[in-house]
Every structure is written in C-alpha cells, then in structure tokens.
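J.: Got a file for you: my_file.txt, compact mmCIF, C-alpha atoms.
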# COMPACT_ATOMS: atom_id res chain seq x y z
CA THR A 1 -13.76 -26.40 0.54
CA GLN A 2 -13.62 -28.00 3.98
CA LEU A 3 -11.33 -25.20 5.17
CA VAL A 4 -13.74 -22.57 3.91
CA ALA A 5 -16.62 -24.30 5.69
CA ALA A 6 -14.69 -24.61 8.96
CA PHE A 7 -13.67 -20.95 9.05
CA GLY A 8 -16.75 -19.51 7.41
CA ALA A 9 -17.29 -16.65 9.88
CA THR A 10 -13.65 -15.57 9.81
CA LEU A 11 -13.52 -15.69 6.03
CA GLU A 12 -16.66 -13.56 5.81
CA GLU A 13 -14.73 -10.84 7.65
CA VAL A 14 -11.94 -11.20 5.08
CA LYS A 15 -14.46 -10.49 2.34
CA GLU A 16 -15.46 -7.26 4.08
CA ALA A 17 -11.89 -6.03 4.54
CA ASP A 18 -10.42 -3.28 2.36
CA VAL A 19 -6.81 -4.42 2.79
CA LEU A 20 -5.51 -7.87 3.71
CA LEU A 21 -2.28 -8.49 5.61
CA HIS A 22 -0.79 -11.89 4.79
CA VAL A 23 1.97 -12.82 7.26
CA ILE A 24 4.09 -15.56 5.71
CA ASP A 25 6.54 -17.73 7.62
CA VAL A 26 9.45 -17.78 5.17
CA SER A 27 11.46 -20.04 7.48
CA ASN A 28 9.13 -22.84 6.44
CA PRO A 29 10.60 -24.66 3.41
CA VAL A 30 7.17 -24.88 1.78
CA TRP A 31 6.08 -21.31 2.42
CA GLN A 32 5.53 -20.65 -1.28
CA LYS A 33 3.13 -23.58 -1.55
CA GLN A 34 1.32 -22.29 1.55
CA GLU A 35 0.97 -18.90 -0.09
CA VAL A 36 -0.54 -20.52 -3.18
CA ALA A 37 -3.02 -22.35 -0.93
CA VAL A 38 -4.05 -19.06 0.71
CA LYS A 39 -4.61 -17.47 -2.70
CA ARG A 40 -6.71 -20.47 -3.70
CA VAL A 41 -8.95 -20.01 -0.66
CA LEU A 42 -9.28 -16.28 -1.30
CA LYS A 43 -10.36 -17.02 -4.87
CA GLU A 44 -12.83 -19.60 -3.59
CA ILE A 45 -14.56 -17.01 -1.40
CA GLY A 46 -14.41 -14.28 -4.04
CA ALA A 47 -11.73 -12.17 -2.34
CA GLU A 48 -8.87 -12.71 -4.77
CA ASP A 49 -8.94 -9.07 -5.94
CA LYS A 50 -8.45 -7.59 -2.49
CA ILE A 51 -5.42 -5.38 -1.94
CA MET A 52 -2.91 -7.50 -0.05
CA VAL A 53 0.21 -6.65 1.93
CA ARG A 54 2.67 -9.57 1.99
CA ALA A 55 4.76 -9.66 5.19
CA LEU A 56 7.57 -12.16 4.68
CA ASN A 57 8.22 -12.94 8.32
CA LYS A 58 10.99 -14.70 10.27
CA ILE A 59 13.91 -13.58 8.11
CA ASP A 60 15.96 -13.72 11.32
CA LEU A 61 15.88 -17.52 10.99
CA LEU A 62 17.40 -17.45 7.49
CA ASP A 63 21.03 -17.29 6.47
CA GLN A 64 22.12 -13.69 6.00
CA ASP A 65 22.58 -14.01 2.24
CA VAL A 66 19.16 -15.64 1.84
CA ALA A 67 17.52 -13.00 4.03
CA GLU A 68 19.10 -10.15 2.05
CA ASP A 69 18.02 -11.68 -1.24
CA LEU A 70 14.47 -11.96 0.08
CA GLN A 71 14.53 -8.35 1.28
CA TYR A 72 15.76 -7.22 -2.10
CA GLN A 73 13.14 -9.23 -3.98
CA ALA A 74 10.35 -7.91 -1.76
CA ALA A 75 11.48 -4.31 -2.19
CA MET A 76 11.66 -4.62 -5.97
CA ARG A 77 8.25 -6.25 -6.47
CA ASP A 78 5.40 -4.24 -7.96
CA ASP A 79 3.04 -5.18 -5.15
CA TYR A 80 2.93 -4.49 -1.43
CA SER A 81 5.60 -6.87 -0.15
CA VAL A 82 8.11 -6.44 2.66
CA ALA A 83 10.50 -8.82 4.43
CA ILE A 84 10.40 -8.56 8.23
CA SER A 85 11.29 -10.16 11.51
CA SER A 86 8.62 -9.77 14.14
CA LEU A 87 11.15 -11.05 16.68
CA THR A 88 13.96 -8.56 16.07
CA GLY A 89 11.79 -5.77 14.66
CA GLU A 90 13.71 -5.62 11.40
CA GLY A 91 11.57 -4.29 8.57
CA MET A 92 8.68 -3.26 10.82
CA THR A 93 9.01 0.42 9.91
CA ASP A 94 8.79 -0.52 6.26
CA LEU A 95 5.78 -2.76 6.98
CA VAL A 96 3.87 0.11 8.57
CA ALA A 97 4.74 2.36 5.63
CA THR A 98 3.67 -0.34 3.16
CA ILE A 99 0.31 -0.79 4.89
CA GLU A 100 -0.20 2.98 4.79
CA ASP A 101 0.56 3.01 1.07
CA ALA A 102 -1.82 0.13 0.44
CA MET A 103 -4.60 1.99 2.23
CA MET A 104 -3.72 5.22 0.44
CA SER A 105 -4.03 3.45 -2.91
CA MET A 106 -7.79 3.21 -2.37
CA LEU A 107 -8.10 7.01 -2.27
CA ILE A 108 -8.49 9.26 -5.30
CA PRO A 109 -6.51 12.51 -5.64
CA ILE A 110 -8.51 15.72 -5.93
CA GLU A 111 -7.67 19.40 -6.31
CA VAL A 112 -10.67 21.57 -5.62
CA ILE A 113 -11.76 25.02 -4.55
CA LEU A 114 -14.85 24.82 -2.37
CA PRO A 115 -16.93 27.98 -1.89
CA TYR A 116 -17.06 29.11 1.71
CA ALA A 117 -20.73 28.19 1.73
CA ASN A 118 -19.62 24.54 1.37
CA GLY A 119 -18.00 24.23 4.77
CA LYS A 120 -19.69 20.87 5.24
CA GLU A 121 -17.77 19.41 2.31
CA VAL A 122 -14.48 20.79 3.63
CA ASN A 123 -15.08 19.09 6.97
CA MET A 124 -16.01 15.88 5.19
CA VAL A 125 -12.72 15.81 3.27
CA GLN A 126 -10.76 16.47 6.47
CA GLU A 127 -12.58 13.73 8.35
CA VAL A 128 -12.49 10.86 5.85
CA GLY A 129 -9.71 11.85 3.47
CA HIS A 130 -6.03 12.70 3.56
CA VAL A 131 -5.43 16.45 3.17
CA GLU A 132 -2.05 17.34 1.70
CA GLU A 133 -2.61 21.06 1.34
CA ILE A 134 -5.28 23.56 2.37
CA GLU A 135 -5.44 27.28 1.63
CA TYR A 136 -8.09 29.88 2.27
CA ARG A 137 -8.38 31.95 -0.89
CA GLU A 138 -10.63 34.79 -1.96
CA ASN A 139 -12.98 32.51 -3.86
CA GLY A 140 -13.05 29.63 -1.39
CA THR A 141 -11.09 26.88 0.33
CA TYR A 142 -8.40 25.25 -1.80
CA LEU A 143 -7.83 21.57 -1.05
CA LEU A 144 -5.27 19.16 -2.41
CA ALA A 145 -6.27 15.82 -0.96
CA ARG A 146 -7.03 12.14 -1.42
CA VAL A 147 -10.55 10.94 -0.72
CA PRO A 148 -12.78 7.89 -1.24
CA GLU A 149 -14.26 7.56 -4.73
CA ALA A 150 -17.78 8.50 -3.66
CA ILE A 151 -16.61 11.82 -2.24
CA ALA A 152 -14.37 12.49 -5.25
CA ASN A 153 -17.41 12.11 -7.51
CA ARG A 154 -19.49 14.34 -5.27
CA LEU A 155 -16.88 17.10 -5.43
CA ARG A 156 -16.34 16.84 -9.19
CA PRO A 157 -18.10 20.18 -9.94
CA PHE A 158 -15.44 21.92 -7.84
CA TYR A 159 -12.39 20.35 -9.51
CA MET A 160 -9.72 22.80 -10.59
CA ASN A 161 -8.49 20.25 -13.13
CA HIS A 162 -11.07 17.79 -14.43
CA SER A 163 -8.39 15.21 -15.17
CA ASN A 164 -7.85 14.74 -11.42
CA ASN A 165 -9.62 11.42 -11.39
CA ASP A 166 -7.35 9.99 -14.06
CA HIS A 167 -4.34 9.77 -11.78
CA GLY A 168 -2.96 6.25 -11.41
CA PHE A 169 -3.19 5.39 -7.74
CA GLY A 170 -2.36 2.03 -6.27
CA LYS A 171 0.54 1.61 -8.70
CA LYS A 172 4.10 1.71 -7.64
CA SER A 173 6.60 4.29 -8.83
CA THR A 174 9.36 3.00 -11.05
CA ASN A 175 12.72 2.83 -9.36
CA ASP A 176 15.23 4.08 -11.91
CA GLY A 177 18.19 3.30 -9.71
CA ASN A 178 19.83 -0.03 -10.39
CA ILE A 179 20.24 -1.23 -6.82
CA ASN A 180 21.75 -4.67 -6.57
CA ALA A 181 22.16 -6.32 -3.19
CA LYS A 182 24.91 -8.49 -4.59
CA ASP A 183 27.02 -5.43 -5.42
CA LYS A 184 27.05 -4.30 -1.82
CA GLU A 185 30.11 -4.92 0.30
CA ASP A 186 29.63 -7.61 2.93
CA ASP A 187 30.21 -5.14 5.72
CA GLU A 188 27.90 -2.45 4.34
CA GLU A 189 24.44 -2.19 5.86
CA ILE A 190 21.71 -2.09 3.24
CA ASP A 191 18.89 0.35 3.94
CA TRP A 192 15.96 -1.88 3.01
CA VAL A 193 13.48 0.63 4.43
CA ALA A 194 14.70 3.26 1.97
CA ILE A 195 14.53 0.79 -0.91
CA GLY A 196 11.07 -0.31 0.12
CA ARG A 197 9.81 3.26 0.37
CA GLY A 198 11.13 3.90 -3.09
CA ARG A 199 9.04 1.05 -4.46
CA HIS A 200 5.97 1.73 -2.35
CA SER A 201 5.61 5.43 -3.02
CA ILE A 202 2.50 6.88 -4.60
CA LYS A 203 2.93 8.42 -8.02
CA GLN A 204 2.71 12.17 -8.09
CA GLU A 205 1.67 13.83 -11.34
Please go through the file and, once you have read it, give me the structure as structure tokens.
T.:
Amino acid sequence: TQLVAAFGATLEEVKEADVLLHVIDVSNPVWQKQEVAVKRVLKEIGAEDKIMVRALNKIDLLDQDVAEDLQYQAAMRDDYSVAISSLTGEGMTDLVATIEDAMMSMLIPIEVILPYANGKEVNMVQEVGHVEEIEYRENGTYLLARVPEAIANRLRPFYMNHSNNDHGFGKKSTNDGNINAKDKEDDEEIDWVAIGRGRHSIKQE
C-alpha cells in the first residue's frame, strides 16, 4: 500500500496501458518473489488483467545450462514470455516479435467487402488496423484485416463470414513438435527465436 501511494502517478499510467512490459532481473536469486510482488501491486491497483510481456533479462549472467533452461521454459509458456540479455542483445529479436504479438492479440480478425461508397471505412481500417490482404473487386473493396473491437462491430454488416468475430485471438498456437533443450548436443546452437515465434504465433483459422 505504501508503494502504491509513493508511485501513484506512475501506476495510474500503468492502468491506462494496453500492454505491460515487465523486465525481470533473473540474475537476482529472489527474482520469482519480486515477480509475485509486482503482480500483487498490479492487483491492488486493478491492473492484474492487463496483457503482460515478461522479459527475463540478464541471462548472460547465468550459467549456460541454467540460461538455456530458462529460454526453453519461456518459449514453451502459454503467455508472452521471452528470455533475453539486454547487454549482449540475445533474445531481443524475439522480444520485439513477442511485443508485436501481444499487441496484435487485442485486434479482432475481419473479412469484409466494403462498397466503394464506403471509402471512409477502408481508410479507417488501414489507419488503425493491420491489413493482411486487400483486393478491389467488382462489388467493392475486399479486406482481410485485424482491427479494434469497436471498428469490427461497426463493420459487422459487411462481413463475408459472420463467424469472423469468434476467432480466438490472444491465445498461443500449440506447438506439436516435441523440442527438448536437453536433447540438443552441447555444441549445437538452439534457435530460441524460432521456438519463441512458434509459441507466440497468432492462430489462423
């Protein structure tokens, strides 16, 4: 409670954020207890349900076996976790990709055909959404995109498939490959970015 009072203004900004980035110093022996304390504060201010990216930092200070285990565990989790070293740059590519996926999870997939008279709506999707495909057809502009919920609801009359809004976004795809860091040869470099991308990919239906 004292911590919340001392950092009231900063914590108010946390409440307004869409995605939180929690950078954790895993070289600290009590980092897991510190993470629990952070979650307790977030719950205290009513922000416990925010989407959070966990950046397990300073793996360069860990023994190689411990660091690889942590990378593996982060990649296999069902949340947005990634092991990194801000000093060496290891895992930073995966961190950027994970943040992008976390932000993408807030968008809803749509597949619409907008009449050419609705050019304003086309521009709106391009400006605030993520357009995956656009085609100019005889009956209007075809868009396959991801947009904020309010826009998805506004464009519902133009859906090609009215089950669009039932897609499960924000969930991780299941990795069917049984990747085990322990089975790797000591001299083989493990592509943690590839593993992480496999876990942090958006489901396509």
J.: If we count only C-alpha atoms, what is near region 109-126 of chain A at a cut-off of 8 Å, once residues fewer than 3 positions away on the same chain are taken out, given as a list in words?
T.: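 What passes the distance filter is Gly129, His130, Val131, Asn139, Gly140, Thr141, Tyr142, Leu143, Leu144, Ala145, Arg146, Val147, Ile151, Ala152, Leu155, Phe158, Tyr159, Met160, Asn161, Asn164, Asn165 and His167 of chain A.
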J.: Print the selection's residues with C-alpha atoms to a file, as a short mmCIF file (atom, residue, chain, number, x, y, z; two decimals), in the coordinates of the input.
T.:
data_model
loop_
_atom_site.label_atom_id
_atom_site.label_comp_id
_atom_site.auth_asym_id
_atom_site.auth_seq_id
_atom_site.Cartn_x
_atom_site.Cartn_y
_atom_site.Cartn_z
CA GLY A 129 -9.71 11.85 3.47
CA HIS A 130 -6.03 12.70 3.56
CA VAL A 131 -5.43 16.45 3.17
CA ASN A 139 -12.98 32.51 -3.86
CA GLY A 140 -13.05 29.63 -1.39
CA THR A 141 -11.09 26.88 0.33
CA TYR A 142 -8.40 25.25 -1.80
CA LEU A 143 -7.83 21.57 -1.05
CA LEU A 144 -5.27 19.16 -2.41
CA ALA A 145 -6.27 15.82 -0.96
CA ARG A 146 -7.03 12.14 -1.42
CA VAL A 147 -10.55 10.94 -0.72
CA ILE A 151 -16.61 11.82 -2.24
CA ALA A 152 -14.37 12.49 -5.25
CA LEU A 155 -16.88 17.10 -5.43
CA PHE A 158 -15.44 21.92 -7.84
CA TYR A 159 -12.39 20.35 -9.51
CA MET A 160 -9.72 22.80 -10.59
CA ASN A 161 -8.49 20.25 -13.13
CA ASN A 164 -7.85 14.74 -11.42
CA ASN A 165 -9.62 11.42 -11.39
CA HIS A 167 -4.34 9.77 -11.78
#
J.: Can you build me a table of region 41-109 of chain A residues sitting at most 12 Å from region 12-21 of chain A, with the closest atom pair per residue and its distance in Å to one decimal, using all atoms listed in the file, sorted by chain and residue number, as a Markdown table?
T.:
| residue | atom | partner | partner_atom | distance |
| --- | --- | --- | --- | --- |
| A:Val41 | CA | A:Val14 | CA | 10.9 |
| A:Leu42 | CA | A:Val14 | CA | 8.6 |
| A:Lys43 | CA | A:Lys15 | CA | 10.6 |
| A:Glu44 | CA | A:Lys15 | CA | 11.0 |
| A:Ile45 | CA | A:Lys15 | CA | 7.5 |
| A:Gly46 | CA | A:Lys15 | CA | 7.4 |
| A:Ala47 | CA | A:Lys15 | CA | 5.7 |
| A:Glu48 | CA | A:Lys15 | CA | 9.3 |
| A:Asp49 | CA | A:Lys15 | CA | 10.1 |
| A:Lys50 | CA | A:Val19 | CA | 6.4 |
| A:Ile51 | CA | A:Val19 | CA | 5.0 |
| A:Met52 | CA | A:Leu20 | CA | 4.6 |
| A:Val53 | CA | A:Leu21 | CA | 4.8 |
| A:Arg54 | CA | A:Leu21 | CA | 6.2 |
| A:Ala55 | CA | A:Leu21 | CA | 7.1 |
| A:Leu56 | CA | A:Leu21 | CA | 10.6 |
| A:Asn57 | CA | A:Leu21 | CA | 11.7 |
| A:Tyr80 | CA | A:Leu21 | CA | 9.6 |
| A:Ser81 | CA | A:Leu21 | CA | 9.9 |
| A:Val82 | CA | A:Leu21 | CA | 11.0 |
| A:Leu95 | CA | A:Leu21 | CA | 10.0 |
| A:Val96 | CA | A:Leu21 | CA | 11.0 |
| A:Thr98 | CA | A:Leu21 | CA | 10.4 |
| A:Ile99 | CA | A:Leu21 | CA | 8.2 |
| A:Glu100 | CA | A:Val19 | CA | 10.1 |
| A:Asp101 | CA | A:Val19 | CA | 10.6 |
| A:Ala102 | CA | A:Val19 | CA | 7.2 |
| A:Met103 | CA | A:Val19 | CA | 6.8 |
| A:Met104 | CA | A:Val19 | CA | 10.4 |
| A:Ser105 | CA | A:Val19 | CA | 10.1 |
| A:Met106 | CA | A:Asp18 | CA | 8.5 |
| A:Leu107 | CA | A:Asp18 | CA | 11.5 |
J.: Can you report as JSON the centre and edge lengths in Å, to one decimal, of an axis-aligned box around the listed atoms of region 72-87 of chain A padded with 6 Å on each side?
T.:
{"center_x": 9.3, "center_y": -7.6, "center_z": 4.4, "size_x": 24.8, "size_y": 18.8, "size_z": 36.6}
J.: In Å, how far is it from CA of Asp60 (chain A) to CA of Arg77 (chain A)?
T.: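 These two atoms are separated by 20.8 Å.
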J.: With only C-alpha atoms as the atoms that count, which of A:Ala67, A:Ala37, A:Leu62, A:Val128 lies nearest to Ala83 (chain A)?
T.: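 Residue with the minimum atom-to-atom distance to Ala83 (chain A): A:Ala67.
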J.: Give me, please, the distance in Å between CA of Thr93 (chain A) and CA of Pro29 (chain A), quoted to one decimal.
T.: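 The value is 26.0 Å.
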